[in-house]
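What follows is input.cif (mmCIF, C-alpha atoms).
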data_entry
#
loop_
_atom_site.label_atom_id
_atom_site.label_comp_id
_atom_site.auth_asym_id
_atom_site.auth_seq_id
_atom_site.Cartn_x
_atom_site.Cartn_y
_atom_site.Cartn_z
CA MET A 129 30.82 118.09 41.88
CA PHE A 130 32.85 115.41 43.67
CA GLY A 131 31.58 112.15 45.10
CA LYS A 132 31.13 111.65 48.82
CA LYS A 133 34.21 109.43 49.13
CA VAL A 134 36.42 111.87 47.23
CA LYS A 135 35.20 114.71 49.45
CA SER A 136 35.91 112.86 52.68
CA ARG A 137 39.38 111.80 51.49
CA MET A 138 40.14 115.39 50.52
CA GLY A 139 38.92 116.76 53.85
CA PHE A 140 40.95 114.18 55.74
CA LEU A 141 44.17 114.91 53.81
CA VAL A 142 43.80 118.68 54.08
CA LEU A 143 43.19 118.36 57.81
CA ILE A 144 46.32 116.24 58.26
CA LEU A 145 48.36 118.69 56.17
CA ILE A 146 47.18 121.67 58.21
CA SER A 147 47.91 119.96 61.53
CA ILE A 148 51.41 118.90 60.44
CA SER A 149 52.09 122.44 59.17
CA VAL A 150 51.00 123.93 62.48
CA GLY A 151 53.14 121.41 64.37
CA LEU A 152 56.12 122.17 62.16
CA PHE A 153 55.64 125.89 62.65
CA ILE A 154 55.57 125.53 66.44
CA ILE A 155 58.67 123.32 66.43
CA LEU A 156 60.64 125.70 64.22
CA LYS A 157 59.51 128.70 66.23
CA THR A 158 60.58 127.07 69.50
CA LEU A 159 63.92 126.03 68.08
CA GLU A 160 64.56 129.37 66.38
CA ASP A 161 67.81 129.95 68.27
CA ASN A 162 69.13 126.68 66.87
CA VAL A 163 67.83 127.21 63.35
CA VAL A 164 69.55 130.57 62.84
CA TYR A 165 73.14 130.11 61.74
CA PHE A 166 74.48 133.25 63.40
CA PHE A 167 73.49 136.16 65.63
CA SER A 168 73.94 139.82 64.83
CA PRO A 169 75.87 142.14 67.19
CA THR A 170 72.50 143.75 68.07
CA GLU A 171 71.00 140.42 69.11
CA ILE A 172 74.02 139.77 71.35
CA ASN A 173 73.72 143.28 72.75
CA ASN A 174 70.05 142.73 73.64
CA GLU A 175 70.71 139.35 75.25
CA GLU A 176 70.40 139.53 79.05
CA ASN A 177 72.57 136.65 80.15
CA ILE A 178 75.32 135.77 77.70
CA SER A 179 77.24 132.57 78.09
CA LYS A 180 80.96 132.91 77.56
CA ASN A 181 81.74 129.21 77.38
CA LYS A 182 79.36 128.34 74.55
CA THR A 183 80.58 128.36 70.97
CA ILE A 184 78.39 130.71 68.95
CA ARG A 185 78.48 132.48 65.59
CA ILE A 186 78.34 136.20 64.95
CA GLY A 187 77.52 137.58 61.52
CA GLY A 188 77.45 140.97 59.88
CA LEU A 189 79.58 143.20 57.72
CA VAL A 190 83.30 143.79 58.14
CA LYS A 191 83.53 147.47 59.04
CA GLU A 192 85.47 149.61 56.57
CA ASN A 193 89.06 150.42 57.66
CA SER A 194 88.78 148.15 60.69
CA ILE A 195 91.07 145.29 59.70
CA ILE A 196 94.38 145.08 61.56
CA LYS A 197 96.71 142.32 60.40
CA LYS A 198 99.91 141.05 62.02
CA ASN A 199 101.31 137.84 60.52
CA ASN A 200 98.54 135.31 61.14
CA PHE A 201 96.75 137.44 63.70
CA ILE A 202 93.82 139.48 62.48
CA GLN A 203 91.49 141.85 64.26
CA PHE A 204 88.44 143.51 62.76
CA VAL A 205 85.01 144.91 63.61
CA ILE A 206 81.75 143.16 62.74
CA THR A 207 78.88 145.60 62.34
CA ASP A 208 75.17 145.32 61.59
CA LEU A 209 75.10 149.11 61.16
CA LYS A 210 73.51 149.46 64.62
CA ASN A 211 75.91 147.69 66.94
CA GLU A 212 79.50 146.58 66.58
CA MET A 213 81.76 143.90 67.92
CA ILE A 214 85.53 143.51 67.89
CA VAL A 215 86.68 140.12 66.61
CA THR A 216 90.14 138.61 66.91
CA TYR A 217 91.30 135.56 65.02
CA ASN A 218 94.47 133.58 64.50
CA GLY A 219 94.75 131.91 61.12
CA LEU A 220 93.97 132.25 57.45
CA VAL A 221 90.81 133.97 56.27
CA PRO A 222 88.84 133.02 53.12
CA ASN A 223 89.66 134.83 49.86
CA LEU A 224 86.34 136.63 49.85
CA PHE A 225 86.90 138.10 53.31
CA SER A 226 87.21 141.86 52.85
CA GLU A 227 86.08 145.19 54.23
CA GLY A 228 82.46 146.09 53.61
CA LYS A 229 81.55 142.46 52.85
CA GLY A 230 79.63 139.86 54.84
CA VAL A 231 81.34 137.65 57.37
CA VAL A 232 80.43 134.95 59.89
CA ALA A 233 82.77 134.30 62.83
CA GLU A 234 82.56 131.19 65.01
CA GLY A 235 84.00 131.26 68.50
CA LYS A 236 83.38 132.51 72.01
CA LEU A 237 82.38 135.82 73.50
CA LYS A 238 84.78 137.50 75.88
CA ASP A 239 82.25 140.16 76.68
CA LYS A 240 79.39 141.83 74.81
CA ASN A 241 81.74 143.72 72.51
CA PHE A 242 84.65 141.34 72.18
CA PHE A 243 84.68 138.03 70.35
CA ILE A 244 87.46 135.48 69.99
CA ALA A 245 86.93 133.52 66.78
CA ASP A 246 88.37 130.15 65.87
CA LYS A 247 86.75 130.03 62.44
CA ILE A 248 86.07 132.79 59.89
CA LEU A 249 83.66 132.30 56.98
CA ALA A 250 82.96 134.78 54.20
CA LYS A 251 79.30 135.44 53.46
CA HIS A 252 78.54 136.83 50.04
CA ASP A 253 75.38 138.59 48.93
CA GLU A 254 72.94 137.98 46.10
CA ASN A 255 74.54 140.51 43.72
CA TYR A 256 76.35 139.16 40.69
CA MET A 257 78.09 141.55 38.31
CA PRO A 258 80.99 141.62 35.88
CA PRO A 259 83.98 143.70 37.13
CA GLU A 260 83.46 146.36 34.44
CA VAL A 261 79.94 147.08 35.67
CA ILE A 262 81.00 147.64 39.27
CA LYS A 263 83.81 149.92 38.04
CA ALA A 264 81.33 151.96 36.03
CA LEU A 265 78.98 152.12 39.02
CA GLU A 266 81.74 153.40 41.27
CA LYS A 267 82.80 155.96 38.70
CA ASN A 268 79.26 157.33 38.57
CA LYS A 269 79.13 157.53 42.34
CA ASN A 270 82.20 159.81 42.58
CA MET B 220 44.86 116.44 25.55
CA LEU B 221 42.46 113.88 26.99
CA LYS B 222 44.87 111.19 25.82
CA LEU B 223 47.29 112.29 28.55
CA LEU B 224 44.99 110.87 31.19
CA PHE B 225 45.62 107.32 30.00
CA PRO B 226 49.07 105.92 30.81
CA ASN B 227 49.23 103.48 27.90
CA LYS B 228 48.57 106.28 25.39
CA ILE B 229 51.31 108.49 26.78
CA LEU B 230 53.83 105.77 25.90
CA SER B 231 52.96 105.78 22.20
CA LEU B 232 53.17 109.53 22.14
CA SER B 233 56.51 109.73 23.83
CA ASN B 234 58.74 107.66 21.49
CA LYS B 235 58.65 110.22 18.72
CA LEU B 236 58.70 113.10 21.18
CA ILE B 237 61.77 111.84 23.01
CA ASN B 238 63.98 112.01 19.92
CA ILE B 239 62.97 115.61 19.23
CA LEU B 240 63.44 116.47 22.91
CA ILE B 241 66.92 114.92 23.04
CA LEU B 242 68.04 116.86 19.95
CA LEU B 243 66.67 120.12 21.32
CA MET B 244 68.18 119.44 24.75
CA VAL B 245 71.68 118.74 23.38
CA PHE B 246 71.54 121.90 21.28
CA ILE B 247 70.38 124.13 24.14
CA ILE B 248 72.78 122.67 26.72
CA ILE B 249 75.75 123.15 24.34
CA LEU B 250 74.60 126.71 23.70
CA GLY B 251 74.19 127.25 27.44
CA LEU B 252 77.61 125.82 28.30
CA ILE B 253 79.35 127.97 25.68
CA ASN B 254 77.59 130.98 27.16
CA ALA B 255 78.26 129.98 30.77
CA LEU B 256 81.91 128.95 30.39
CA TYR B 257 83.26 131.31 27.70
CA ILE B 258 80.99 134.21 26.83
CA SER B 259 79.70 135.23 30.27
CA PRO B 260 82.00 137.41 32.42
CA ALA B 261 83.61 136.47 35.74
CA ASP B 262 82.04 137.95 38.87
CA TYR B 263 83.49 141.13 40.42
CA ILE B 264 84.08 139.41 43.76
CA GLN B 265 83.93 135.69 43.15
CA GLY B 266 85.83 135.55 39.87
CA ASP B 267 85.42 132.40 37.80
CA SER B 268 83.92 130.32 40.60
CA VAL B 269 80.60 132.06 39.85
CA ARG B 270 80.30 129.71 36.84
CA ILE B 271 79.28 126.91 39.20
CA MET B 272 76.03 128.86 39.56
CA TYR B 273 74.98 127.93 36.00
CA ILE B 274 74.69 124.29 37.10
CA HIS B 275 73.88 124.81 40.79
CA VAL B 276 70.87 127.13 40.46
CA PRO B 277 68.98 125.24 37.69
CA ALA B 278 69.65 121.91 39.46
CA SER B 279 68.26 123.30 42.72
CA LEU B 280 65.20 124.81 41.03
CA ILE B 281 64.41 121.57 39.19
CA SER B 282 64.89 119.42 42.29
CA LEU B 283 62.36 121.57 44.15
CA GLY B 284 60.01 121.75 41.16
CA CYS B 285 60.08 117.98 40.67
CA PHE B 286 59.25 117.33 44.30
CA ALA B 287 56.44 119.89 44.19
CA LEU B 288 54.95 118.04 41.19
CA ILE B 289 55.45 114.69 42.95
CA GLY B 290 53.64 116.09 45.99
CA ILE B 291 50.73 117.48 43.95
CA SER B 292 50.42 114.28 41.90
CA SER B 293 50.49 112.20 45.07
CA PHE B 294 47.81 114.38 46.64
CA PHE B 295 45.55 113.92 43.60
CA SER B 296 46.45 110.25 43.43
CA LEU B 297 45.22 109.66 46.98
CA ILE B 298 42.05 111.69 46.51
CA PHE B 299 40.86 110.90 42.99
CA LYS B 300 42.54 107.50 42.46
CA ILE B 301 43.30 108.29 38.81
CA LYS B 302 46.04 105.99 37.48
CA ILE B 303 48.19 108.60 35.75
CA PHE B 304 49.02 110.54 38.92
CA PRO B 305 51.10 107.91 40.77
CA ILE B 306 52.87 107.07 37.50
CA MET B 307 53.76 110.73 36.98
CA ALA B 308 54.98 111.07 40.55
CA LYS B 309 57.06 107.91 40.38
CA SER B 310 58.64 108.90 37.04
CA LEU B 311 59.72 112.33 38.26
CA ALA B 312 61.49 111.02 41.35
CA PRO B 313 64.78 109.63 39.86
CA VAL B 314 65.64 112.78 37.92
CA GLY B 315 64.61 114.98 40.85
CA PHE B 316 66.84 112.95 43.14
CA VAL B 317 69.81 113.28 40.79
CA PHE B 318 69.36 117.05 40.54
CA THR B 319 69.14 117.34 44.35
CA LEU B 320 72.43 115.48 44.58
CA ILE B 321 73.96 117.71 41.88
CA SER B 322 72.70 120.80 43.71
CA ILE B 323 74.29 119.73 46.99
CA VAL B 324 77.60 118.62 45.41
CA THR B 325 78.01 121.74 43.25
CA GLY B 326 76.96 123.89 46.21
CA SER B 327 79.67 122.28 48.27
CA LEU B 328 82.25 122.84 45.51
CA TRP B 329 81.12 126.46 45.35
CA GLY B 330 81.12 126.92 49.12
CA LYS B 331 84.78 126.04 49.58
CA PRO B 332 86.26 128.86 47.42
CA THR B 333 83.66 131.47 48.46
CA TRP B 334 82.66 130.84 52.08
CA GLY B 335 85.84 128.96 52.96
CA ILE B 336 84.01 125.78 53.97
CA TRP B 337 82.49 122.75 52.19
CA TRP B 338 79.41 122.38 54.34
CA VAL B 339 77.61 124.23 57.15
CA TRP B 340 74.46 123.31 59.05
CA ASP B 341 72.54 126.44 58.15
CA ALA B 342 68.80 126.36 57.40
CA ARG B 343 69.11 126.30 53.59
CA LEU B 344 71.68 123.53 53.39
CA THR B 345 70.06 121.42 56.08
CA SER B 346 66.56 121.66 54.58
CA MET B 347 68.02 120.75 51.18
CA LEU B 348 69.64 117.66 52.74
CA ILE B 349 66.25 116.75 54.22
CA LEU B 350 64.78 116.97 50.70
CA LEU B 351 67.46 114.52 49.52
CA PHE B 352 66.42 112.11 52.28
CA PHE B 353 62.77 112.45 51.26
CA TYR B 354 63.71 111.58 47.67
CA ILE B 355 65.71 108.56 48.88
CA THR B 356 62.85 107.36 51.11
CA TYR B 357 60.33 107.90 48.31
CA LEU B 358 62.35 105.92 45.77
CA PHE B 359 63.12 103.26 48.37
CA VAL B 360 59.41 102.68 49.09
CA TRP B 361 58.71 102.02 45.40
CA LYS B 362 61.72 99.69 45.27
CA ILE B 363 61.11 97.51 48.30
CA ILE B 364 57.31 97.30 48.50
CA ASN B 365 56.12 94.83 45.88
CA ASP B 366 52.40 95.42 46.32
CA TYR B 367 51.69 98.30 43.89
CA GLU B 368 48.65 99.66 45.73
CA LYS B 369 50.48 99.66 49.05
CA ALA B 370 53.62 101.25 47.59
CA LYS B 371 51.47 103.88 45.92
CA LYS B 372 49.77 104.81 49.17
CA ILE B 373 52.90 104.93 51.36
CA SER B 374 54.99 106.80 48.76
CA SER B 375 52.18 109.33 48.29
CA ILE B 376 52.04 110.06 52.01
CA ILE B 377 55.83 110.50 52.11
CA ALA B 378 55.68 112.85 49.11
CA ILE B 379 52.90 114.95 50.64
CA ILE B 380 54.69 115.31 53.97
CA GLY B 381 57.96 116.03 52.16
CA SER B 382 56.26 118.82 50.21
CA LEU B 383 55.87 120.77 53.44
CA ASN B 384 59.67 121.05 53.42
CA LEU B 385 59.63 122.92 50.08
CA PRO B 386 58.48 126.33 51.38
CA ILE B 387 60.99 125.91 54.22
CA ILE B 388 63.80 125.46 51.67
CA LYS B 389 62.57 128.35 49.55
CA TYR B 390 62.13 130.86 52.39
CA SER B 391 64.87 129.60 54.74
CA VAL B 392 67.19 132.37 53.53
CA ASP B 393 64.58 135.03 54.33
CA TRP B 394 63.20 133.64 57.60
CA TRP B 395 66.48 132.86 59.35
CA ALA B 396 70.06 134.09 59.33
CA THR B 397 71.87 131.70 56.99
CA LEU B 398 75.33 131.55 55.46
CA HIS B 399 73.66 130.92 52.10
CA GLN B 400 72.83 134.18 50.32
CA PRO B 401 69.20 135.13 49.53
CA SER B 402 67.67 134.61 46.09
CA SER B 403 68.89 136.82 43.24
CA ILE B 404 65.77 136.26 41.18
CA THR B 405 62.43 137.02 42.82
CA LEU B 406 58.95 137.67 41.52
CA THR B 407 58.62 140.96 43.35
CA SER B 408 61.76 142.87 42.33
CA ALA B 409 64.34 143.16 39.57
CA PRO B 410 66.99 140.41 39.53
CA THR B 411 70.21 141.33 41.33
CA ILE B 412 72.18 139.43 38.76
CA HIS B 413 73.60 141.19 35.71
CA TYR B 414 71.89 140.27 32.42
CA SER B 415 75.17 138.96 30.97
CA MET B 416 75.00 136.28 33.67
CA LEU B 417 71.23 135.92 33.69
CA VAL B 418 71.10 134.91 30.00
CA PRO B 419 73.35 131.82 30.31
CA LEU B 420 71.55 130.92 33.54
CA ILE B 421 68.17 130.89 31.79
CA ILE B 422 69.54 128.95 28.78
CA MET B 423 71.00 126.33 31.14
CA LEU B 424 67.71 126.16 33.04
CA ILE B 425 65.77 125.48 29.82
CA GLY B 426 68.33 122.85 28.77
CA MET B 427 68.16 121.10 32.12
CA ILE B 428 64.34 121.20 32.15
CA LEU B 429 64.42 119.47 28.74
CA PHE B 430 66.78 116.88 30.23
CA THR B 431 64.26 116.37 33.04
CA LEU B 432 61.48 115.83 30.48
CA VAL B 433 63.59 113.32 28.53
CA ILE B 434 64.27 111.25 31.67
CA PHE B 435 60.64 111.64 32.76
CA PHE B 436 59.24 110.29 29.47
CA ASN B 437 61.82 107.53 29.53
CA GLU B 438 60.72 106.49 33.02
CA ILE B 439 57.00 106.62 32.32
#
Would you mind writing the file out in structure tokens?
Amino acid sequence: MFGKKVKSRMGFLVLILISISVGLFIILKTLEDNVVYFFSPTEINNEENISKNKTIRIGGLVKENSIIKKNNFIQFVITDLKNEMIVTYNGLVPNLFSEGKGVVAEGKLKDKNFFIADKILAKHDENYMPPEVIKALEKNKN
Amino acid sequence: MLKLLFPNKILSLSNKLINILILLMVFIIILGLINALYISPADYIQGDSVRIMYIHVPASLISLGCFALIGISSFFSLIFKIKIFPIMAKSLAPVGFVFTLISIVTGSLWGKPTWGIWWVWDARLTSMLILLFFYITYLFVWKIINDYEKAKKISSIIAIIGSLNLPIIKYSVDWWATLHQPSSITLTSAPTIHYSMLVPLIIMLIGMILFTLVIFFNEI
């Protein structure tokens, strides 16, 4: 169907594309720890040797009824529904930060279950709804 | 349809078409904006800042779509050496670049009130920035290399390599932990976005695709 030249050009290009893809895959796989933006409490829990001097990020959900606030000081629990971690932070939190919602904390580990954050980011999910709909949904639940 | 394969014929076809396209585009974008800014409800968590989505999501989709078409055209251009393919690729680049820029800027404006930060180096945002650099390099090659054949070849290679970044952008939110939320609209399951917000989003997407076509035919 195609001429000889067309065929050889196509083969050459496809070969280059495949080799670059494989290279890219290996690079991204090796650098996975740097590509992920945050770790879950479970990943920290499974880690053998944790470094306490490195700045890392922990992400998960803010556990219901876990927020304790005193002036600018805030303490809460990040959970991935398997493992939990206590986080303390001094400063203002984003508007979207609330119980049951996603959060990413940047800071340092004190130990496997205690994290001192110096930055708090709110992570929101892919659900978009008008307020009336969520009210109706909650009414049906009760 | 065969006419489309000859670049000089596409020009004669486009003059009449552009005027119709512009009229249609203005009508649909006005309709979309009315829907997005007044009729559609605020979000239950995000409030009114969700309205940035009606620009951000279509811009992002089009910037990825344009680069995918540039990549495919470049691939065919290198293999079959048919004249229309490099012209198509070259004409899609400016509008794709602008939409990438719009996507990043609106995303940043959206990030501040929701996440609490303008920019983070997570996989989605970083790969999108890399796409912007690919667009810049691609356009730059056409600008600075005067020899058409040489510019065509180099820009095509850049576009093909840059295309490998597209699946990384698309799936970054599924493969790695990112601050950016996953897609609300997928092929496999029902959209997690309420229809009252989905309708203006789709109208805006159609309007912005028409805008892309207008610029594309203007460039060609």
So what does the PyMOL selection byres ((chain B and resi 364-370) around 12) actually pick up in this one, as a CSV table (one decimal) with C-alpha atoms, in the frame of the given file?
chain,number,residue,atom,x,y,z
B,293,SER,CA,50.5,112.2,45.1
B,296,SER,CA,46.4,110.2,43.4
B,297,LEU,CA,45.2,109.7,47.0
B,300,LYS,CA,42.5,107.5,42.5
B,302,LYS,CA,46.0,106.0,37.5
B,305,PRO,CA,51.1,107.9,40.8
B,306,ILE,CA,52.9,107.1,37.5
B,309,LYS,CA,57.1,107.9,40.4
B,356,THR,CA,62.8,107.4,51.1
B,357,TYR,CA,60.3,107.9,48.3
B,358,LEU,CA,62.4,105.9,45.8
B,359,PHE,CA,63.1,103.3,48.4
B,360,VAL,CA,59.4,102.7,49.1
B,361,TRP,CA,58.7,102.0,45.4
B,362,LYS,CA,61.7,99.7,45.3
B,363,ILE,CA,61.1,97.5,48.3
B,371,LYS,CA,51.5,103.9,45.9
B,372,LYS,CA,49.8,104.8,49.2
B,373,ILE,CA,52.9,104.9,51.4
B,374,SER,CA,55.0,106.8,48.8
B,375,SER,CA,52.2,109.3,48.3
B,376,ILE,CA,52.0,110.1,52.0
B,377,ILE,CA,55.8,110.5,52.1
B,378,ALA,CA,55.7,112.8,49.1
For the interface of region 149-251 of chain A with region 325-343 of chain B (cut-off 6 Å, counting all atoms listed in the file), please tabulate each contacting residue of region 149-251 of chain A alongside its nearest pair of atoms and their separation in Å to one decimal, rows sorted by chain and increasing number, as CSV.
residue,atom,partner,partner_atom,distance
A:Tyr165,CA,B:Asp341,CA,5.2
A:Pro222,CA,B:Gly335,CA,5.1
A:Leu224,CA,B:Thr333,CA,6.0
A:Leu249,CA,B:Trp334,CA,5.2
A:Ala250,CA,B:Trp334,CA,4.5
A:Lys251,CA,B:Trp334,CA,5.9
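With distances taken over all atoms listed in the file, A:Met213 is the one residue among A:Ile202, A:Met213, A:Ile196, A:Leu265 lying closest to Phe242 (chain A).
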Any chance you could tabulate, as a Markdown table, the residues of chain A at most 8 Å from chain B with each one's nearest atom pair and distance in Å to one decimal, using all atoms listed in the file, in chain and rising number order?
| residue | atom | partner | partner_atom | distance |
| --- | --- | --- | --- | --- |
| A:Val134 | CA | B:Ile298 | CA | 5.7 |
| A:Arg137 | CA | B:Ile298 | CA | 5.7 |
| A:Met138 | CA | B:Ile298 | CA | 5.8 |
| A:Leu145 | CA | B:Ile380 | CA | 7.5 |
| A:Ser149 | CA | B:Leu383 | CA | 7.1 |
| A:Val163 | CA | B:Ala342 | CA | 6.1 |
| A:Val164 | CA | B:Ala396 | CA | 5.0 |
| A:Tyr165 | CA | B:Thr397 | CA | 5.2 |
| A:Phe166 | CA | B:Ala396 | CA | 6.1 |
| A:Phe167 | CA | B:Ala396 | CA | 7.5 |
| A:Val221 | CA | B:Gly335 | CA | 7.8 |
| A:Pro222 | CA | B:Gly335 | CA | 5.1 |
| A:Asn223 | CA | B:Thr333 | CA | 7.0 |
| A:Leu224 | CA | B:Thr333 | CA | 6.0 |
| A:Val232 | CA | B:Leu398 | CA | 7.6 |
| A:Ile248 | CA | B:Gly335 | CA | 7.9 |
| A:Leu249 | CA | B:Trp334 | CA | 5.2 |
| A:Ala250 | CA | B:Trp334 | CA | 4.5 |
| A:Lys251 | CA | B:Trp334 | CA | 5.9 |
| A:His252 | CA | B:Gln400 | CA | 6.3 |
| A:Asp253 | CA | B:Gln400 | CA | 5.3 |
| A:Glu254 | CA | B:Ser403 | CA | 5.1 |
| A:Asn255 | CA | B:Thr411 | CA | 5.0 |
| A:Tyr256 | CA | B:Ile412 | CA | 4.6 |
| A:Met257 | CA | B:His413 | CA | 5.2 |
| A:Pro258 | CA | B:Asp262 | CA | 4.8 |
| A:Pro259 | CA | B:Tyr263 | CA | 4.2 |
| A:Glu260 | CA | B:Tyr263 | CA | 7.9 |
| A:Ile262 | CA | B:Tyr263 | CA | 7.1 |
Here's the selection I'm unsure about, the PyMOL selection byres ((chain B and resi 314) around 9); applied to the file above, which residues does it give, as a PDB file with C-alpha atoms, in the frame of the given file?
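Once everything was written out, this is part.pdb:
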ATOM      1  CA  ILE B 281      64.410 121.570  39.190  1.00  0.00           C
ATOM      2  CA  SER B 282      64.890 119.420  42.290  1.00  0.00           C
ATOM      3  CA  CYS B 285      60.080 117.980  40.670  1.00  0.00           C
ATOM      4  CA  SER B 310      58.640 108.900  37.040  1.00  0.00           C
ATOM      5  CA  LEU B 311      59.720 112.330  38.260  1.00  0.00           C
ATOM      6  CA  ALA B 312      61.490 111.020  41.350  1.00  0.00           C
ATOM      7  CA  PRO B 313      64.780 109.630  39.860  1.00  0.00           C
ATOM      8  CA  GLY B 315      64.610 114.980  40.850  1.00  0.00           C
ATOM      9  CA  PHE B 316      66.840 112.950  43.140  1.00  0.00           C
ATOM     10  CA  VAL B 317      69.810 113.280  40.790  1.00  0.00           C
ATOM     11  CA  PHE B 318      69.360 117.050  40.540  1.00  0.00           C
ATOM     12  CA  THR B 319      69.140 117.340  44.350  1.00  0.00           C
ATOM     13  CA  PHE B 430      66.780 116.880  30.230  1.00  0.00           C
ATOM     14  CA  THR B 431      64.260 116.370  33.040  1.00  0.00           C
ATOM     15  CA  ILE B 434      64.270 111.250  31.670  1.00  0.00           C
ATOM     16  CA  PHE B 435      60.640 111.640  32.760  1.00  0.00           C
TER      17      PHE B 435
END
request  = Please measure the separation of CA of Gly219 (chain A) and CA of Lys236 (chain A), giving the value in Å to one decimal.
outcome  =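 Going from CA of Gly219 (chain A) over to CA of Lys236 (chain A), I get 15.8 Å.
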Between CA of Val150 (chain A) and CA of Tyr390 (chain B) lies a distance of 16.5 Å
Practice problem: For Leu424 (chain B), list every protein, DNA or RNA residue within 9 Å, evaluated using only C-alpha atoms, and leave out those in the same chain fewer than 6 positions away; present the list as a count of residues only. | Solution: 9
Residues at most 9 Å from region 177-188 of chain A, counting all atoms listed in the file, excluding those fewer than 3 positions away in the same chain, as a ChimeraX atom specification?
/A:165-169,172,191,206-209,212-213,229-240,243,245,251 /B:396,398
Exercise. Pick from A:Thr216, A:Asn241, A:Phe130, A:Leu159: nearest to Asn174 (chain A), with only C-alpha atoms counted?
Worked result: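 Looking at the shortest contact to Asn174 (chain A), the residue is A:Asn241.
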CA of Met244 (chain B) to CA of Ile439 (chain B) measures 18.6 Å
Shortest contact to Leu350 (chain B), candidates B:Leu283, B:Ile301, B:Val324, B:Met307, atoms counted all atoms listed in the file, goes to B:Leu283
Coordinates of box centre and edge lengths for region 227-242 of chain A, 4 Å on every side, axis-aligned, as JSON:
{"center_x": 82.7, "center_y": 138.6, "center_z": 64.8, "size_x": 14.7, "size_y": 22.9, "size_z": 31.8}
